[in-house]
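One structure below.
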Amino acid sequence: MARADKQAAVAEIVESFNESAGAVLTEYRGLTVKQLQDLRRSLGENANYAVVKNTLAKIAANEAGISGFDDLLTGPTAIAFINGDVVEAAKGLRDFAKANPTLVIKGGVLDGKPLDASEIAKLADLESREVLLGKLAGAMLASLSQAVYLLNAPLAQAARLAGALQAKAEQDPSILAGGAGTAPVAAEEAPAEPAAEAADETEAPADEAPAAEEAPAEETAAETTASDEGDTTEA
């Protein structure tokens, strides 16, 4: 390969590293051309599966700032540059490797962090983005429904109390006047007791008046007796 062609190939691999969310390094030894085509179709828009030369891939990884690939770049190498759902891409590679054991997943990189084969397998076991979003939407909907219930509960209680008050008022209209039953009548009769006390206070001076009038009568009697005694002495 000419020098210019190598530089162009390296630049293309570097661009693929930089534009993808992650990459999975595989060895495709023993796979037929048709099987490679089937693998590309199974990945769909989630990943771009490209066969690369180890020397060029090593140079490109170093230029892209990716470490940990040097020891993995052995044998026939192909890299799945992930452009879509990372979990779905990992699932596609795992499922294809189960059906075609000649495909070996060596490792990869995700958001600049190196991953080994076991970590990629764990990534494939995760739920897809669509499933997680569906669960999140369900949880948010449940929380929203609970919030609506909590907000409506006081209103429902107030409506029930208002209904009960209306039914009670229809049976006893005095409730709307601020009372209940015969309580207002009892409240009107209560002031009668102070009136009786006022009457007693008015009559009290009448009993004391005769005592004041009798006092002069005793004095008159004493004067009459004294006068009689005077008359007797003179006699």
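Naming scheme: A, B, ... for chains in displayed order of the structure tokens; residues 1 onward per chain; ligands 1 onward as shown.
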Can you tell me, as a tab-separated table (two decimals) with all heavy atoms, in the first residue's frame, what residues are no more than 8 Å from region 14-31 of chain A when counting only C-alpha atoms, ignoring any on the same chain fewer than 3 positions away?
```tsv
chain	number	residue	atom	x	y	z
A	10	VAL	N	-5.43	5.51	7.70
A	10	VAL	CA	-5.29	5.85	9.13
A	10	VAL	C	-6.22	6.99	9.50
A	10	VAL	O	-6.89	6.97	10.55
A	10	VAL	CB	-3.82	6.20	9.45
A	10	VAL	CG1	-3.71	6.79	10.85
A	10	VAL	CG2	-2.93	4.98	9.32
A	11	ALA	N	-6.28	8.00	8.66
A	11	ALA	CA	-7.15	9.15	8.93
A	11	ALA	C	-8.62	8.72	8.99
A	11	ALA	O	-9.40	9.23	9.82
A	11	ALA	CB	-6.94	10.22	7.85
A	35	GLN	N	-21.10	-14.40	5.74
A	35	GLN	CA	-21.32	-14.25	7.18
A	35	GLN	C	-20.99	-12.82	7.65
A	35	GLN	O	-21.69	-12.26	8.51
A	35	GLN	CB	-20.49	-15.27	7.95
A	35	GLN	CG	-21.02	-16.69	7.82
A	35	GLN	CD	-20.11	-17.71	8.46
A	35	GLN	OE1	-18.87	-17.56	8.46
A	35	GLN	NE2	-20.69	-18.78	9.00
A	36	LEU	N	-19.94	-12.24	7.10
A	36	LEU	CA	-19.60	-10.86	7.43
A	36	LEU	C	-20.72	-9.91	6.99
A	36	LEU	O	-21.06	-8.94	7.70
A	36	LEU	CB	-18.27	-10.46	6.78
A	36	LEU	CG	-17.01	-11.11	7.36
A	36	LEU	CD1	-15.79	-10.74	6.52
A	36	LEU	CD2	-16.82	-10.69	8.80
A	60	ALA	N	-3.79	4.50	14.27
A	60	ALA	CA	-5.00	5.32	14.39
A	60	ALA	C	-5.47	5.40	15.84
A	60	ALA	O	-5.90	6.47	16.30
A	60	ALA	CB	-6.10	4.73	13.51
A	61	ALA	N	-5.39	4.30	16.57
A	61	ALA	CA	-5.81	4.31	17.98
A	61	ALA	C	-4.93	5.25	18.79
A	61	ALA	O	-5.43	6.00	19.65
A	61	ALA	CB	-5.75	2.89	18.54
A	63	GLU	N	-3.30	7.88	17.65
A	63	GLU	CA	-3.62	9.26	17.26
A	63	GLU	C	-4.96	9.72	17.85
A	63	GLU	O	-5.14	10.90	18.15
A	63	GLU	CB	-3.66	9.37	15.73
A	63	GLU	CG	-2.29	9.24	15.08
A	63	GLU	CD	-2.34	9.49	13.59
A	63	GLU	OE1	-3.43	9.87	13.09
A	63	GLU	OE2	-1.31	9.29	12.92
A	64	ALA	N	-5.89	8.78	18.05
A	64	ALA	CA	-7.19	9.12	18.63
A	64	ALA	C	-7.15	9.15	20.15
A	64	ALA	O	-8.17	9.47	20.79
A	64	ALA	CB	-8.25	8.12	18.16
A	72	LEU	N	-4.31	-6.35	21.60
A	72	LEU	CA	-5.48	-7.01	21.01
A	72	LEU	C	-5.42	-7.05	19.48
A	72	LEU	O	-6.18	-7.80	18.86
A	72	LEU	CB	-6.77	-6.27	21.43
A	72	LEU	CG	-7.02	-6.16	22.94
A	72	LEU	CD1	-8.32	-5.38	23.19
A	72	LEU	CD2	-7.11	-7.54	23.57
A	75	GLY	N	-3.99	-11.18	14.54
A	75	GLY	CA	-4.88	-11.97	13.70
A	75	GLY	C	-5.76	-11.08	12.84
A	75	GLY	O	-5.68	-9.85	12.88
A	76	PRO	N	-6.67	-11.70	12.06
A	76	PRO	CA	-7.58	-10.92	11.22
A	76	PRO	C	-8.50	-10.07	12.10
A	76	PRO	O	-9.23	-10.61	12.94
A	76	PRO	CB	-8.37	-11.99	10.45
A	76	PRO	CG	-7.53	-13.22	10.54
A	76	PRO	CD	-6.83	-13.16	11.86
A	77	THR	N	-8.44	-8.76	11.93
A	77	THR	CA	-9.14	-7.84	12.84
A	77	THR	C	-10.21	-7.06	12.10
A	77	THR	O	-10.01	-6.58	10.98
A	77	THR	CB	-8.15	-6.86	13.50
A	77	THR	OG1	-7.16	-7.61	14.21
A	77	THR	CG2	-8.85	-5.91	14.44
A	78	ALA	N	-11.34	-6.92	12.79
A	78	ALA	CA	-12.42	-6.05	12.32
A	78	ALA	C	-12.96	-5.30	13.54
A	78	ALA	O	-13.04	-5.85	14.64
A	78	ALA	CB	-13.53	-6.85	11.65
A	79	ILE	N	-13.29	-4.04	13.34
A	79	ILE	CA	-13.76	-3.19	14.43
A	79	ILE	C	-15.19	-2.76	14.16
A	79	ILE	O	-15.52	-2.30	13.05
A	79	ILE	CB	-12.87	-1.95	14.60
A	79	ILE	CG1	-11.42	-2.37	14.87
A	79	ILE	CG2	-13.38	-1.07	15.74
A	79	ILE	CD1	-10.45	-1.19	14.96
A	80	ALA	N	-16.05	-2.91	15.18
A	80	ALA	CA	-17.43	-2.42	15.09
A	80	ALA	C	-17.46	-1.04	15.73
A	80	ALA	O	-17.39	-0.91	16.96
A	80	ALA	CB	-18.37	-3.38	15.81
A	81	PHE	N	-17.54	-0.01	14.89
A	81	PHE	CA	-17.63	1.37	15.40
A	81	PHE	C	-19.11	1.66	15.69
A	81	PHE	O	-19.95	1.68	14.78
A	81	PHE	CB	-17.09	2.35	14.36
A	81	PHE	CG	-15.61	2.19	14.10
A	81	PHE	CD1	-15.16	1.54	12.97
A	81	PHE	CD2	-14.67	2.70	14.99
A	81	PHE	CE1	-13.80	1.39	12.71
A	81	PHE	CE2	-13.31	2.55	14.75
A	81	PHE	CZ	-12.87	1.89	13.61
A	82	ILE	N	-19.39	1.88	16.98
A	82	ILE	CA	-20.79	2.01	17.41
A	82	ILE	C	-21.27	3.45	17.19
A	82	ILE	O	-20.71	4.39	17.75
A	82	ILE	CB	-20.93	1.61	18.89
A	82	ILE	CG1	-20.45	0.17	19.09
A	82	ILE	CG2	-22.37	1.75	19.35
A	82	ILE	CD1	-20.40	-0.26	20.54
A	83	ASN	N	-22.34	3.58	16.41
A	83	ASN	CA	-22.93	4.89	16.13
A	83	ASN	C	-24.29	5.08	16.79
A	83	ASN	O	-24.74	6.21	16.96
A	83	ASN	CB	-23.08	5.08	14.61
A	83	ASN	CG	-21.75	4.91	13.88
A	83	ASN	OD1	-20.73	5.44	14.32
A	83	ASN	ND2	-21.76	4.17	12.79
A	84	GLY	N	-24.94	3.96	17.12
A	84	GLY	CA	-26.27	4.05	17.72
A	84	GLY	C	-26.28	3.59	19.16
A	84	GLY	O	-25.41	3.98	19.96
A	86	VAL	N	-25.42	1.63	22.15
A	86	VAL	CA	-24.26	0.81	22.50
A	86	VAL	C	-24.68	-0.58	22.97
A	86	VAL	O	-24.06	-1.59	22.61
A	86	VAL	CB	-23.44	1.53	23.60
A	86	VAL	CG1	-22.28	0.65	24.06
A	86	VAL	CG2	-22.92	2.86	23.09
A	102	THR	N	-16.76	-18.71	15.45
A	102	THR	CA	-15.49	-18.24	14.89
A	102	THR	C	-15.29	-16.73	15.09
A	102	THR	O	-14.16	-16.25	14.96
A	102	THR	CB	-15.42	-18.57	13.39
A	102	THR	OG1	-16.60	-18.08	12.74
A	102	THR	CG2	-15.33	-20.08	13.17
A	103	LEU	N	-16.36	-16.00	15.39
A	103	LEU	CA	-16.24	-14.57	15.70
A	103	LEU	C	-15.84	-14.44	17.17
A	103	LEU	O	-16.55	-14.90	18.06
A	103	LEU	CB	-17.56	-13.83	15.44
A	103	LEU	CG	-17.54	-12.34	15.79
A	103	LEU	CD1	-16.63	-11.58	14.82
A	103	LEU	CD2	-18.94	-11.75	15.76
A	104	VAL	N	-14.71	-13.80	17.41
A	104	VAL	CA	-14.19	-13.66	18.78
A	104	VAL	C	-14.20	-12.18	19.16
A	104	VAL	O	-13.61	-11.35	18.44
A	104	VAL	CB	-12.76	-14.23	18.89
A	104	VAL	CG1	-12.24	-14.04	20.32
A	104	VAL	CG2	-12.74	-15.69	18.48
A	105	ILE	N	-14.87	-11.87	20.25
A	105	ILE	CA	-14.89	-10.50	20.76
A	105	ILE	C	-13.70	-10.34	21.71
A	105	ILE	O	-13.63	-10.99	22.75
A	105	ILE	CB	-16.21	-10.19	21.48
A	105	ILE	CG1	-17.38	-10.31	20.48
A	105	ILE	CG2	-16.18	-8.80	22.10
A	105	ILE	CD1	-18.75	-10.13	21.13
A	106	LYS	N	-12.76	-9.46	21.37
A	106	LYS	CA	-11.53	-9.30	22.15
A	106	LYS	C	-11.65	-8.22	23.23
A	106	LYS	O	-11.11	-8.35	24.33
A	106	LYS	CB	-10.37	-8.95	21.22
A	106	LYS	CG	-10.02	-10.06	20.23
A	106	LYS	CD	-8.82	-9.64	19.40
A	106	LYS	CE	-8.36	-10.77	18.48
A	106	LYS	NZ	-7.15	-10.36	17.72
A	107	GLY	N	-12.27	-7.15	22.90
A	107	GLY	CA	-12.37	-6.01	23.83
A	107	GLY	C	-12.90	-4.81	23.08
A	107	GLY	O	-13.43	-4.92	21.98
A	108	GLY	N	-12.77	-3.65	23.70
A	108	GLY	CA	-13.25	-2.46	23.04
A	108	GLY	C	-13.00	-1.22	23.86
A	108	GLY	O	-12.19	-1.21	24.80
A	109	VAL	N	-13.70	-0.19	23.50
A	109	VAL	CA	-13.57	1.09	24.19
A	109	VAL	C	-14.95	1.75	24.20
A	109	VAL	O	-15.70	1.67	23.22
A	109	VAL	CB	-12.53	2.01	23.50
A	109	VAL	CG1	-12.93	2.28	22.05
A	109	VAL	CG2	-12.34	3.30	24.27
A	110	LEU	N	-15.27	2.41	25.32
A	110	LEU	CA	-16.55	3.10	25.45
A	110	LEU	C	-16.31	4.44	26.14
A	110	LEU	O	-15.81	4.48	27.27
A	110	LEU	CB	-17.54	2.26	26.26
A	110	LEU	CG	-18.92	2.89	26.49
A	110	LEU	CD1	-19.64	3.11	25.15
A	110	LEU	CD2	-19.77	2.00	27.39
A	111	ASP	N	-16.61	5.52	25.43
A	111	ASP	CA	-16.38	6.87	25.95
A	111	ASP	C	-14.93	7.06	26.39
A	111	ASP	O	-14.65	7.66	27.44
A	111	ASP	CB	-17.33	7.17	27.11
A	111	ASP	CG	-18.78	7.23	26.67
A	111	ASP	OD1	-19.01	7.58	25.50
A	111	ASP	OD2	-19.66	6.92	27.49
A	112	GLY	N	-14.00	6.50	25.61
A	112	GLY	CA	-12.58	6.64	25.91
A	112	GLY	C	-12.05	5.68	26.95
A	112	GLY	O	-10.84	5.66	27.21
```
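Secondary structure by DSSP on the backbone puts the following residues of region 45-111 of chain A in alpha helix (DSSP H): Asn54, Thr55, Leu56, Ala57, Lys58, Ile59, Ala60, Ala61, Asn62, Glu63, Val86, Val87, Glu88, Ala89, Ala90, Lys91, Gly92, Leu93, Arg94, Asp95, Phe96, Ala97, Lys98 and Ala99 of chain A.
Using only C-alpha atoms, the nearest neighbour of Arg41 (chain A) within the list A:Gly92, A:Glu12, A:Thr55, A:Leu115 is A:Gly92.
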Fill in: Surrounding residues of Lys91 (chain A) excluding itself and chain neighbours under 4 positions, 12 Å, only C-alpha atoms, as a VMD selection string
chain A and resid 24 39 42 to 43 46 to 47 82 85 to 87 95 to 98 105 120 to 128
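Across the structure, CA of Lys113 (chain A) and CA of Gln7 (chain A) are spaced 25.5 Å apart.
Interatomic distance, CA of Ile59 (chain A) to CA of Ala2 (chain A): 15.9 Å.
Pairwise distance (CA of Lys6 (chain A), CA of Thr32 (chain A)) equals 25.6 Å.
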Discussion item. Can you tell me, as an NGL selection string, which residues in region 25-81 of chain A count as strand (DSSP E or B) by DSSP?
Written reply: :A and (25-27 or 47-52 or 77-81)
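Shortest atom-to-atom contact with Asn48 (chain A) among A:Ala89, A:Asp172, A:Ala164, A:Ala117: A:Ala89, counting only C-alpha atoms.
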